[in-house]
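File shown: work-v8.pdb. Contents: PDB, C-alpha atoms.
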```pdb
ATOM      1  CA  MET A   1       0.000   0.000   0.000
ATOM      2  CA  SER A   2       1.321   3.421  -0.841
ATOM      3  CA  GLY A   3       1.218   6.319   1.556
ATOM      4  CA  ASN A   4       3.628   7.352   4.231
ATOM      5  CA  GLN A   5       3.542   6.074   7.757
ATOM      6  CA  ARG A   6       4.680   9.149   9.555
ATOM      7  CA  VAL A   7       2.670  12.285  10.117
ATOM      8  CA  PRO A   8       4.710  15.139   8.748
ATOM      9  CA  ARG A   9       5.827  17.583  11.375
ATOM     10  CA  ILE A  10       4.057  20.450   9.635
ATOM     11  CA  ILE A  11       0.703  18.886  10.425
ATOM     12  CA  TRP A  12       1.486  18.683  14.115
ATOM     13  CA  ILE A  13       2.694  22.267  14.114
ATOM     14  CA  LEU A  14      -0.490  23.429  12.446
ATOM     15  CA  ALA A  15      -2.660  21.421  14.802
ATOM     16  CA  ALA A  16      -0.841  22.824  17.797
ATOM     17  CA  LEU A  17      -1.249  26.331  16.393
ATOM     18  CA  VAL A  18      -4.977  25.867  16.026
ATOM     19  CA  ILE A  19      -5.428  24.628  19.550
ATOM     20  CA  LEU A  20      -3.152  27.257  21.006
ATOM     21  CA  THR A  21      -4.890  30.079  19.171
ATOM     22  CA  ALA A  22      -8.291  28.923  20.308
ATOM     23  CA  VAL A  23      -7.270  28.465  23.916
ATOM     24  CA  LEU A  24      -5.590  31.863  24.023
ATOM     25  CA  LEU A  25      -8.598  33.561  22.500
ATOM     26  CA  ILE A  26     -10.928  31.849  24.899
ATOM     27  CA  PHE A  27      -9.110  32.512  28.100
ATOM     28  CA  LEU A  28      -7.168  35.701  27.623
ATOM     29  CA  PRO A  29      -9.075  38.905  28.298
ATOM     30  CA  ARG A  30     -10.009  40.712  25.148
ATOM     31  CA  LYS A  31      -8.332  44.030  24.592
ATOM     32  CA  ALA A  32     -10.557  45.489  21.923
ATOM     33  CA  GLU A  33     -14.183  45.456  22.889
ATOM     34  CA  SER A  34     -17.102  46.196  20.661
ATOM     35  CA  ASP A  35     -19.147  49.258  21.223
ATOM     36  CA  TYR A  36     -22.759  48.465  21.744
ATOM     37  CA  ALA A  37     -26.058  49.979  22.838
ATOM     38  CA  LEU A  38     -28.691  48.308  24.923
ATOM     39  CA  THR A  39     -32.376  48.939  25.251
ATOM     40  CA  LEU A  40     -34.393  47.209  27.914
ATOM     41  CA  ASP A  41     -38.129  47.092  27.359
ATOM     42  CA  GLY A  42     -37.873  49.905  24.860
ATOM     43  CA  SER A  43     -35.774  52.411  26.724
ATOM     44  CA  ALA A  44     -32.032  52.908  26.714
ATOM     45  CA  TRP A  45     -30.179  50.955  29.351
ATOM     46  CA  ARG A  46     -26.647  51.134  30.554
ATOM     47  CA  GLY A  47     -26.485  47.445  31.172
ATOM     48  CA  GLY A  48     -25.106  45.765  34.254
ATOM     49  CA  THR A  49     -27.062  43.801  36.768
ATOM     50  CA  ALA A  50     -30.778  44.398  36.972
ATOM     51  CA  ALA A  51     -32.676  44.171  40.224
ATOM     52  CA  ALA A  52     -32.564  40.623  41.457
ATOM     53  CA  GLY A  53     -35.729  38.605  41.240
ATOM     54  CA  ARG A  54     -36.936  37.093  44.414
ATOM     55  CA  GLU A  55     -38.224  33.730  43.292
ATOM     56  CA  SER A  56     -35.879  32.332  40.712
ATOM     57  CA  SER A  57     -32.412  31.049  41.470
ATOM     58  CA  LEU A  58     -31.582  31.341  37.790
ATOM     59  CA  ARG A  59     -30.054  34.318  36.090
ATOM     60  CA  VAL A  60     -29.706  35.304  32.469
ATOM     61  CA  ILE A  61     -26.203  36.475  31.637
ATOM     62  CA  VAL A  62     -25.516  38.221  28.356
ATOM     63  CA  THR A  63     -21.927  38.435  27.172
ATOM     64  CA  LEU A  64     -20.377  40.184  24.203
ATOM     65  CA  ASP A  65     -16.858  39.179  23.169
ATOM     66  CA  GLY A  66     -16.667  37.255  26.403
ATOM     67  CA  ARG A  67     -17.385  40.303  28.520
ATOM     68  CA  GLU A  68     -20.556  40.374  30.573
ATOM     69  CA  ILE A  69     -22.753  43.261  29.531
ATOM     70  CA  ALA A  70     -26.042  42.445  31.216
ATOM     71  CA  ALA A  71     -27.440  40.217  33.924
ATOM     72  CA  LEU A  72     -31.147  39.782  34.348
ATOM     73  CA  PRO A  73     -33.205  37.598  36.637
ATOM     74  CA  PHE A  74     -34.824  34.626  34.982
ATOM     75  CA  GLY A  75     -38.560  34.536  35.214
ATOM     76  CA  GLU A  76     -39.411  38.163  34.608
ATOM     77  CA  ALA A  77     -40.697  39.404  31.309
ATOM     78  CA  HIS A  78     -38.273  41.682  29.496
ATOM     79  CA  VAL A  79     -37.167  42.464  26.002
ATOM     80  CA  LEU A  80     -33.505  43.266  25.574
ATOM     81  CA  ARG A  81     -32.127  44.651  22.350
ATOM     82  CA  VAL A  82     -28.415  44.739  21.673
ATOM     83  CA  THR A  83     -27.146  46.932  18.888
ATOM     84  CA  LEU A  84     -23.512  46.653  17.927
ATOM     85  CA  ARG A  85     -21.670  49.689  16.708
ATOM     86  CA  GLU A  86     -20.670  47.810  13.574
ATOM     87  CA  GLY A  87     -24.363  47.278  12.893
ATOM     88  CA  GLY A  88     -25.504  43.934  14.265
ATOM     89  CA  VAL A  89     -28.813  43.748  16.076
ATOM     90  CA  ASN A  90     -30.047  41.045  18.423
ATOM     91  CA  GLU A  91     -33.244  40.867  20.406
ATOM     92  CA  ILE A  92     -33.524  38.645  23.446
ATOM     93  CA  THR A  93     -36.950  38.031  24.911
ATOM     94  CA  LEU A  94     -37.440  36.861  28.457
ATOM     95  CA  THR A  95     -40.804  35.638  29.583
ATOM     96  CA  GLY A  96     -42.028  34.262  32.861
ATOM     97  CA  ASP A  97     -40.525  30.887  32.092
ATOM     98  CA  SER A  98     -38.172  31.151  29.126
ATOM     99  CA  VAL A  99     -35.428  32.989  27.329
ATOM    100  CA  SER A 100     -35.021  33.033  23.588
ATOM    101  CA  MET A 101     -33.424  34.972  20.763
ATOM    102  CA  THR A 102     -36.363  36.435  18.951
ATOM    103  CA  GLU A 103     -34.590  38.514  16.402
ATOM    104  CA  ALA A 104     -31.151  38.760  14.871
ATOM    105  CA  ASP A 105     -29.859  40.193  11.649
ATOM    106  CA  CYS A 106     -27.012  37.720  11.265
ATOM    107  CA  PRO A 107     -27.025  35.728   8.011
ATOM    108  CA  ASN A 108     -27.420  32.220   9.354
ATOM    109  CA  GLN A 109     -30.111  32.741  12.023
ATOM    110  CA  ASP A 110     -28.733  29.831  14.039
ATOM    111  CA  CYS A 111     -29.322  31.725  17.260
ATOM    112  CA  VAL A 112     -33.005  32.212  16.518
ATOM    113  CA  HIS A 113     -33.422  28.553  15.621
ATOM    114  CA  MET A 114     -31.803  27.403  18.823
ATOM    115  CA  GLY A 115     -35.109  27.768  20.529
ATOM    116  CA  ALA A 116     -35.945  28.766  24.048
ATOM    117  CA  VAL A 117     -34.255  27.901  27.291
ATOM    118  CA  THR A 118     -36.643  27.008  30.062
ATOM    119  CA  ALA A 119     -36.118  25.753  33.578
ATOM    120  CA  GLU A 120     -37.290  22.340  32.369
ATOM    121  CA  ASN A 121     -35.033  21.944  29.358
ATOM    122  CA  LEU A 122     -31.971  23.529  30.893
ATOM    123  CA  GLU A 123     -30.395  20.149  31.518
ATOM    124  CA  THR A 124     -31.640  18.273  28.504
ATOM    125  CA  ARG A 125     -31.242  20.869  25.828
ATOM    126  CA  ALA A 126     -28.408  20.162  23.397
ATOM    127  CA  MET A 127     -26.581  23.374  24.144
ATOM    128  CA  GLY A 128     -27.532  23.557  27.771
ATOM    129  CA  GLY A 129     -28.374  27.033  28.936
ATOM    130  CA  PHE A 130     -26.715  28.752  25.990
ATOM    131  CA  ILE A 131     -28.089  30.709  23.093
ATOM    132  CA  VAL A 132     -25.252  32.029  20.987
ATOM    133  CA  CYS A 133     -25.084  34.377  18.041
ATOM    134  CA  LEU A 134     -21.640  33.570  16.747
ATOM    135  CA  PRO A 135     -21.296  36.230  14.050
ATOM    136  CA  HIS A 136     -22.043  38.858  16.675
ATOM    137  CA  ARG A 137     -20.006  37.144  19.377
ATOM    138  CA  LEU A 138     -23.058  37.421  21.590
ATOM    139  CA  ALA A 139     -23.873  34.757  24.148
ATOM    140  CA  VAL A 140     -26.902  34.392  26.386
ATOM    141  CA  GLU A 141     -26.514  31.957  29.247
ATOM    142  CA  VAL A 142     -29.007  30.825  31.830
ATOM    143  CA  ARG A 143     -27.312  29.674  34.967
ATOM    144  CA  GLU A 144     -27.672  29.334  38.670
ATOM    145  CA  ARG A 145     -27.191  32.439  40.660
ATOM    146  CA  GLU A 146     -24.032  32.360  42.717
ATOM    147  CA  ALA A 147     -24.286  32.890  46.432
ATOM    148  CA  GLN A 148     -22.514  36.203  46.581
ATOM    149  CA  GLY A 149     -22.256  38.924  43.951
ATOM    150  CA  GLY A 150     -21.386  37.526  40.483
TER     151      GLY A 150
ATOM    152  CA  MET B   1       1.036   8.671 -21.352
ATOM    153  CA  MET B   2       0.774  11.576 -18.966
ATOM    154  CA  SER B   3       3.822  12.614 -17.049
ATOM    155  CA  GLY B   4       3.735  11.992 -13.342
ATOM    156  CA  GLN B   5       3.306  15.657 -12.638
ATOM    157  CA  THR B   6       0.374  16.122 -14.998
ATOM    158  CA  ASN B   7      -1.164  12.948 -13.671
ATOM    159  CA  ARG B   8      -0.927  14.285 -10.148
ATOM    160  CA  ILE B   9      -2.371  17.671 -11.006
ATOM    161  CA  ALA B  10      -5.280  16.118 -12.833
ATOM    162  CA  ARG B  11      -5.983  13.708 -10.015
ATOM    163  CA  LEU B  12      -5.858  16.405  -7.348
ATOM    164  CA  SER B  13      -8.111  18.690  -9.383
ATOM    165  CA  ILE B  14     -10.749  16.019  -9.741
ATOM    166  CA  LEU B  15     -10.592  15.247  -6.046
ATOM    167  CA  ILE B  16     -10.921  18.916  -5.099
ATOM    168  CA  ALA B  17     -13.901  19.301  -7.393
ATOM    169  CA  LEU B  18     -15.435  16.230  -5.819
ATOM    170  CA  MET B  19     -14.912  17.643  -2.355
ATOM    171  CA  LEU B  20     -16.585  20.885  -3.343
ATOM    172  CA  VAL B  21     -19.610  19.057  -4.699
ATOM    173  CA  LEU B  22     -19.831  16.908  -1.583
ATOM    174  CA  GLY B  23     -19.495  20.022   0.528
ATOM    175  CA  TRP B  24     -22.374  21.602  -1.321
ATOM    176  CA  LEU B  25     -24.406  18.445  -0.880
ATOM    177  CA  ASP B  26     -23.627  18.598   2.827
ATOM    178  CA  ARG B  27     -25.232  21.971   3.112
ATOM    179  CA  ALA B  28     -28.205  20.855   1.090
ATOM    180  CA  ILE B  29     -28.956  18.167   3.661
ATOM    181  CA  PRO B  30     -30.412  20.012   6.655
ATOM    182  CA  LEU B  31     -29.103  17.806   9.423
ATOM    183  CA  GLY B  32     -29.334  20.684  11.841
ATOM    184  CA  ALA B  33     -32.986  21.255  11.064
ATOM    185  CA  LEU B  34     -33.746  17.560  11.453
ATOM    186  CA  LEU B  35     -32.406  17.808  14.978
ATOM    187  CA  GLY B  36     -34.839  20.593  15.641
ATOM    188  CA  GLY B  37     -32.401  23.442  15.251
ATOM    189  CA  SER B  38     -30.871  22.655  18.593
ATOM    190  CA  LEU B  39     -27.384  21.991  17.259
ATOM    191  CA  PRO B  40     -26.239  24.561  14.735
ATOM    192  CA  GLY B  41     -23.382  23.661  12.469
ATOM    193  CA  VAL B  42     -23.757  19.913  12.528
ATOM    194  CA  LYS B  43     -23.001  18.421   9.134
ATOM    195  CA  LEU B  44     -22.488  15.037   7.577
ATOM    196  CA  GLY B  45     -18.989  15.877   6.475
ATOM    197  CA  LEU B  46     -19.208  13.940   3.225
ATOM    198  CA  ALA B  47     -16.059  15.565   1.889
ATOM    199  CA  ASN B  48     -14.175  13.676   4.546
ATOM    200  CA  THR B  49     -14.496  10.536   2.465
ATOM    201  CA  VAL B  50     -12.171  12.101  -0.081
ATOM    202  CA  LEU B  51      -9.720  13.043   2.655
ATOM    203  CA  LEU B  52      -9.777   9.464   3.872
ATOM    204  CA  TYR B  53      -9.007   8.314   0.360
ATOM    205  CA  ALA B  54      -6.067  10.714   0.305
ATOM    206  CA  VAL B  55      -4.854   9.653   3.757
ATOM    207  CA  TYR B  56      -4.750   6.019   2.738
ATOM    208  CA  LEU B  57      -3.827   6.138  -0.913
ATOM    209  CA  MET B  58      -1.828   9.335  -1.269
ATOM    210  CA  ASN B  59       0.857  11.135   0.661
ATOM    211  CA  PRO B  60       0.130  13.500   3.553
ATOM    212  CA  GLY B  61       1.204  16.532   1.526
ATOM    213  CA  SER B  62      -1.516  15.840  -1.025
ATOM    214  CA  ALA B  63      -4.080  15.396   1.716
ATOM    215  CA  LEU B  64      -3.132  18.748   3.221
ATOM    216  CA  LEU B  65      -3.332  20.332  -0.204
ATOM    217  CA  LEU B  66      -6.799  18.907  -0.785
ATOM    218  CA  LEU B  67      -7.996  20.151   2.585
ATOM    219  CA  THR B  68      -6.625  23.657   2.132
ATOM    220  CA  ALA B  69      -7.942  24.010  -1.394
ATOM    221  CA  LYS B  70     -11.373  22.776  -0.421
ATOM    222  CA  VAL B  71     -11.652  25.020   2.610
ATOM    223  CA  LEU B  72     -10.568  28.122   0.730
ATOM    224  CA  LEU B  73     -12.667  27.486  -2.362
ATOM    225  CA  SER B  74     -15.701  26.319  -0.446
ATOM    226  CA  GLY B  75     -15.505  29.265   1.907
ATOM    227  CA  TRP B  76     -15.163  31.628  -0.992
ATOM    228  CA  LEU B  77     -18.011  30.088  -2.968
ATOM    229  CA  PHE B  78     -20.502  29.257  -0.269
ATOM    230  CA  GLY B  79     -19.419  30.845   2.956
ATOM    231  CA  SER B  80     -17.710  33.656   4.708
ATOM    232  CA  PHE B  81     -14.362  34.363   6.245
ATOM    233  CA  SER B  82     -15.503  32.911   9.554
ATOM    234  CA  ALA B  83     -16.608  29.792   7.758
ATOM    235  CA  ILE B  84     -13.084  29.434   6.389
ATOM    236  CA  LEU B  85     -11.648  29.916   9.862
ATOM    237  CA  TYR B  86     -13.850  27.268  11.461
ATOM    238  CA  SER B  87     -13.429  24.795   8.622
ATOM    239  CA  LEU B  88      -9.678  25.249   8.590
ATOM    240  CA  SER B  89      -9.376  24.691  12.332
ATOM    241  CA  GLY B  90     -11.582  21.652  12.155
ATOM    242  CA  GLY B  91      -9.871  20.343   9.062
ATOM    243  CA  ILE B  92      -6.337  20.622  10.408
ATOM    244  CA  LEU B  93      -7.154  18.810  13.634
ATOM    245  CA  SER B  94      -9.098  16.255  11.643
ATOM    246  CA  LEU B  95      -6.218  15.593   9.269
ATOM    247  CA  ALA B  96      -3.737  15.313  12.133
ATOM    248  CA  ALA B  97      -5.954  12.765  13.847
ATOM    249  CA  MET B  98      -6.536  10.759  10.694
ATOM    250  CA  LEU B  99      -2.878  10.686   9.708
ATOM    251  CA  ALA B 100      -1.911   9.632  13.197
ATOM    252  CA  LEU B 101      -4.430   6.823  13.353
ATOM    253  CA  ARG B 102      -4.356   5.503   9.818
ATOM    254  CA  GLY B 103      -2.368   2.385  10.572
ATOM    255  CA  SER B 104      -0.124   0.610   8.120
ATOM    256  CA  HIS B 105      -2.723  -0.640   5.693
ATOM    257  CA  PRO B 106      -6.410  -0.136   5.135
ATOM    258  CA  ALA B 107      -8.760  -2.495   6.891
ATOM    259  CA  PRO B 108     -12.476  -1.848   7.381
ATOM    260  CA  GLY B 109     -12.312  -1.408  11.138
ATOM    261  CA  ARG B 110      -9.276   0.806  10.933
ATOM    262  CA  VAL B 111     -10.703   3.008   8.219
ATOM    263  CA  ILE B 112     -13.912   3.543  10.151
ATOM    264  CA  LEU B 113     -11.984   4.270  13.339
ATOM    265  CA  THR B 114      -9.856   6.796  11.498
ATOM    266  CA  SER B 115     -12.960   8.361  10.026
ATOM    267  CA  VAL B 116     -14.631   8.664  13.426
ATOM    268  CA  ALA B 117     -11.495  10.204  14.909
ATOM    269  CA  GLY B 118     -11.321  12.621  11.998
ATOM    270  CA  ALA B 119     -14.956  13.629  12.376
ATOM    271  CA  MET B 120     -14.651  14.144  16.126
ATOM    272  CA  ALA B 121     -11.409  16.074  15.806
ATOM    273  CA  HIS B 122     -13.032  18.235  13.146
ATOM    274  CA  ASN B 123     -15.921  19.087  15.433
ATOM    275  CA  LEU B 124     -13.538  19.792  18.284
ATOM    276  CA  GLY B 125     -11.617  22.235  16.137
ATOM    277  CA  GLN B 126     -14.801  24.009  15.129
ATOM    278  CA  ILE B 127     -16.114  24.257  18.679
ATOM    279  CA  LEU B 128     -12.755  25.551  19.899
ATOM    280  CA  MET B 129     -12.835  28.319  17.323
ATOM    281  CA  ALA B 130     -16.499  29.079  17.993
ATOM    282  CA  ALA B 131     -15.899  29.386  21.703
ATOM    283  CA  ALA B 132     -12.831  31.469  20.963
ATOM    284  CA  ALA B 133     -14.837  33.800  18.728
ATOM    285  CA  ALA B 134     -17.625  34.246  21.241
ATOM    286  CA  GLY B 135     -15.265  34.346  24.197
ATOM    287  CA  THR B 136     -17.322  31.842  26.142
ATOM    288  CA  PRO B 137     -15.460  28.856  27.609
ATOM    289  CA  GLY B 138     -18.755  27.557  28.950
ATOM    290  CA  LEU B 139     -19.896  27.015  25.392
ATOM    291  CA  LEU B 140     -17.259  24.348  25.002
ATOM    292  CA  ALA B 141     -18.667  22.215  27.755
ATOM    293  CA  ALA B 142     -22.271  22.648  26.696
ATOM    294  CA  TYR B 143     -21.776  21.953  23.028
ATOM    295  CA  LEU B 144     -19.011  19.367  23.089
ATOM    296  CA  LEU B 145     -20.825  16.223  24.150
ATOM    297  CA  PRO B 146     -23.812  16.227  21.799
ATOM    298  CA  LEU B 147     -21.741  17.405  18.857
ATOM    299  CA  GLU B 148     -19.112  14.704  19.348
ATOM    300  CA  GLY B 149     -21.840  12.111  19.686
ATOM    301  CA  ILE B 150     -23.232  13.104  16.315
ATOM    302  CA  GLY B 151     -19.692  13.338  14.978
ATOM    303  CA  ALA B 152     -18.917   9.776  15.943
ATOM    304  CA  ALA B 153     -22.088   8.587  14.265
ATOM    305  CA  VAL B 154     -21.529  10.406  10.978
ATOM    306  CA  GLY B 155     -17.879   9.352  11.140
ATOM    307  CA  CYS B 156     -18.987   5.746  10.967
ATOM    308  CA  VAL B 157     -21.121   6.458   7.930
ATOM    309  CA  THR B 158     -18.471   8.339   5.981
ATOM    310  CA  GLY B 159     -15.860   5.786   7.056
ATOM    311  CA  ALA B 160     -17.911   2.919   5.692
ATOM    312  CA  ALA B 161     -18.392   4.761   2.416
ATOM    313  CA  ALA B 162     -14.698   5.630   2.171
ATOM    314  CA  TRP B 163     -13.685   2.057   2.889
ATOM    315  CA  ARG B 164     -15.622   0.811  -0.103
ATOM    316  CA  VAL B 165     -13.856   3.253  -2.365
ATOM    317  CA  ILE B 166     -10.427   2.540  -0.891
ATOM    318  CA  ARG B 167     -10.933  -1.186  -1.167
ATOM    319  CA  ALA B 168     -12.087  -0.914  -4.766
ATOM    320  CA  VAL B 169      -9.219   1.338  -5.822
ATOM    321  CA  ALA B 170      -6.556  -0.561  -3.920
ATOM    322  CA  GLY B 171      -7.855  -3.863  -5.207
ATOM    323  CA  ARG B 172      -7.837  -2.648  -8.768
ATOM    324  CA  ARG B 173      -4.261  -1.524  -8.530
ATOM    325  CA  GLU B 174      -3.105  -4.810  -7.106
ATOM    326  CA  LYS B 175      -4.543  -6.645 -10.072
ATOM    327  CA  LYS B 176      -2.390  -4.878 -12.627
ATOM    328  CA  PRO B 177      -0.248  -7.356 -14.525
ATOM    329  CA  ASP B 178       3.564  -7.341 -14.071
ATOM    330  CA  GLY B 179       4.304  -5.328 -10.964
ATOM    331  CA  THR B 180       6.206  -2.933 -13.233
ATOM    332  CA  GLU B 181       3.163  -1.025 -14.408
ATOM    333  CA  ARG B 182       1.848  -0.154 -10.953
ATOM    334  CA  GLU B 183       0.053   3.166 -10.672
ATOM    335  CA  ARG B 184       2.182   5.616  -8.824
ATOM    336  CA  GLU B 185      -0.021   7.372  -6.309
ATOM    337  CA  ASP B 186       2.335   9.095  -3.993
ATOM    338  CA  GLU B 187       4.687  10.829  -6.321
ATOM    339  CA  THR B 188       5.593  14.210  -4.949
TER     340      THR B 188
END
```
I need this file expressed as structure tokens, please.
Amino acid sequence: MSGNQRVPRIIWILAALVILTAVLLIFLPRKAESDYALTLDGSAWRGGTAAAGRESSLRVIVTLDGREIAALPFGEAHVLRVTLREGGVNEITLTGDSVSMTEADCPNQDCVHMGAVTAENLETRAMGGFIVCLPHRLAVEVREREAQGG
Amino acid sequence: MMSGQTNRIARLSILIALMLVLGWLDRAIPLGALLGGSLPGVKLGLANTVLLYAVYLMNPGSALLLLTAKVLLSGWLFGSFSAILYSLSGGILSLAAMLALRGSHPAPGRVILTSVAGAMAHNLGQILMAAAAAGTPGLLAAYLLPLEGIGAAVGCVTGAAAWRVIRAVAGRREKKPDGTEREREDET
């Protein structure tokens, strides 16, 4: 049979590069951050942590480029719109029992099709508590509230 | 009779074209939708059958060339720059895994194992880049398990398909009369 046995070194170097690049990008803090504007329920919002809900132990964390830009209690009805300075728009709708991406102007619409996260499907859903718009580097995560701060 | 170089160029061109068509077919089969939209980016990876052919019956340099050409052309024709980035990451890890696991000669079990490893490595590469782009390490954990499960499954399918081709081609070459006229596959 033809074909070489050994894996050429270049392949290993490339593979290592890929993994290294990804790991660095994931875990190193981003220097350049996108400019964005938020509106909550129709009015401009500076972001940050909204008043904590009393009942639910779950929170909805919205991150852009890995940086947390908004934290809302799960279980209250809100509509959050994120507008990126470079022009992307995403709309996240929270209802009494779910979170979903209801609008996005990204080409593939994967985030909209990911469906809603509810308290029931949090464990079983394929992507867990995540709804991600990759082209806009926007992530919405539903997770347990930590005991202190966070 | 074509010179070795012309032979190689022609062969590679056909294989690249085949990969592009298979890549297009991939996108035409809405595997993601069938799963209810819950797993974006999950594909059959049919073009991997050609890479398996190259891993077993050609040299690693040709396989790398096929991968690079396919990713660039496919990204240019059907996708975006990010698509190229994700495919390239996935493809490189996939090729590394397949070349490492290929074994000394093709056997059905080995080919399928290599295919599964390639598919899973490909998905890993894509998830790594996706998490890197979005800056969310948590995404890795959430997405990894179901995607690799699907990856293993489709890896079996593409591996079985590739094995049939490899067996047919390898068998045909062995049958050539007088060992002198053997087809030269791995000429650089």
Pull out every residue of chain B that has at least one atom within 8 Å of chain A, counting all atoms listed in the file, and report them as a ChimeraX atom specification. /B:37-40,55-60,89,92-93,95-96,99-100,103-105,125,128-137,139,142-143,146,170,185-186
Would you mind listing what lies within 8 Å of stretch 84-88 of chain A as a ChimeraX atom specification, with all atoms listed in the file counted and same-chain residues fewer than 3 positions away left out? /A:34-37,104-106,136
Atom CA of A:Ala70 sits from atom CA of A:Thr124 at a separation of 25.0 Å
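The coordinates place atom CA of A:Val79 at 4.9 Å from atom CA of A:Asp41.
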Expanded to explicit residues, what is the PyMOL selection byres ((chain B and resi 14-30) around 12) for this file, as a CSV table (one decimal) with C-alpha atoms, in the coordinates of the input?
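Written out: out-v7.csv:
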```csv
chain,number,residue,atom,x,y,z
B,7,ASN,CA,-1.2,12.9,-13.7
B,8,ARG,CA,-0.9,14.3,-10.1
B,9,ILE,CA,-2.4,17.7,-11.0
B,10,ALA,CA,-5.3,16.1,-12.8
B,11,ARG,CA,-6.0,13.7,-10.0
B,12,LEU,CA,-5.9,16.4,-7.3
B,13,SER,CA,-8.1,18.7,-9.4
B,31,LEU,CA,-29.1,17.8,9.4
B,32,GLY,CA,-29.3,20.7,11.8
B,33,ALA,CA,-33.0,21.3,11.1
B,34,LEU,CA,-33.7,17.6,11.5
B,35,LEU,CA,-32.4,17.8,15.0
B,36,GLY,CA,-34.8,20.6,15.6
B,37,GLY,CA,-32.4,23.4,15.3
B,39,LEU,CA,-27.4,22.0,17.3
B,40,PRO,CA,-26.2,24.6,14.7
B,41,GLY,CA,-23.4,23.7,12.5
B,42,VAL,CA,-23.8,19.9,12.5
B,43,LYS,CA,-23.0,18.4,9.1
B,44,LEU,CA,-22.5,15.0,7.6
B,45,GLY,CA,-19.0,15.9,6.5
B,46,LEU,CA,-19.2,13.9,3.2
B,47,ALA,CA,-16.1,15.6,1.9
B,48,ASN,CA,-14.2,13.7,4.5
B,49,THR,CA,-14.5,10.5,2.5
B,50,VAL,CA,-12.2,12.1,-0.1
B,51,LEU,CA,-9.7,13.0,2.7
B,52,LEU,CA,-9.8,9.5,3.9
B,53,TYR,CA,-9.0,8.3,0.4
B,54,ALA,CA,-6.1,10.7,0.3
B,58,MET,CA,-1.8,9.3,-1.3
B,62,SER,CA,-1.5,15.8,-1.0
B,63,ALA,CA,-4.1,15.4,1.7
B,64,LEU,CA,-3.1,18.7,3.2
B,65,LEU,CA,-3.3,20.3,-0.2
B,66,LEU,CA,-6.8,18.9,-0.8
B,67,LEU,CA,-8.0,20.2,2.6
B,68,THR,CA,-6.6,23.7,2.1
B,69,ALA,CA,-7.9,24.0,-1.4
B,70,LYS,CA,-11.4,22.8,-0.4
B,71,VAL,CA,-11.7,25.0,2.6
B,72,LEU,CA,-10.6,28.1,0.7
B,73,LEU,CA,-12.7,27.5,-2.4
B,74,SER,CA,-15.7,26.3,-0.4
B,75,GLY,CA,-15.5,29.3,1.9
B,76,TRP,CA,-15.2,31.6,-1.0
B,77,LEU,CA,-18.0,30.1,-3.0
B,78,PHE,CA,-20.5,29.3,-0.3
B,79,GLY,CA,-19.4,30.8,3.0
B,87,SER,CA,-13.4,24.8,8.6
B,154,VAL,CA,-21.5,10.4,11.0
B,158,THR,CA,-18.5,8.3,6.0
```
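Separating atom CA of B:Ala160 from atom CA of B:Pro106 is a distance of 11.9 Å.
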Of B:Leu101, B:Met120, B:Ala162, B:Ile127, the one nearest to B:Tyr86 when counting only C-alpha atoms is B:Ile127
Any chance you could work out the residue set of the PyMOL selection byres ((chain B and resi 121) around 7) here, as a PyMOL selection string? chain B and resi 90+93-94+97+117-120+122-125
Selected by the PyMOL selection byres ((chain A and resi 75) around 8) in the shown coordinates: which residues, as a ChimeraX atom specification? /A:53,56,73-74,76-77,94-98
Given 6 Å on each side, where is the centre and what are the edge lengths in Å to one decimal of the axis-aligned box enclosing the listed atoms of stretch 57-69 of chain A, as lines of an AutoDock Vina configuration file?
```
center_x = -24.5
center_y = 37.2
center_z = 32.3
size_x = 27.7
size_y = 24.2
size_z = 30.3
```
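Ranking A:Thr93, A:Thr102, A:Ser43, A:Asn121 by their shortest atom-to-atom distance to A:Val60, with only C-alpha atoms included, puts A:Thr93 first.
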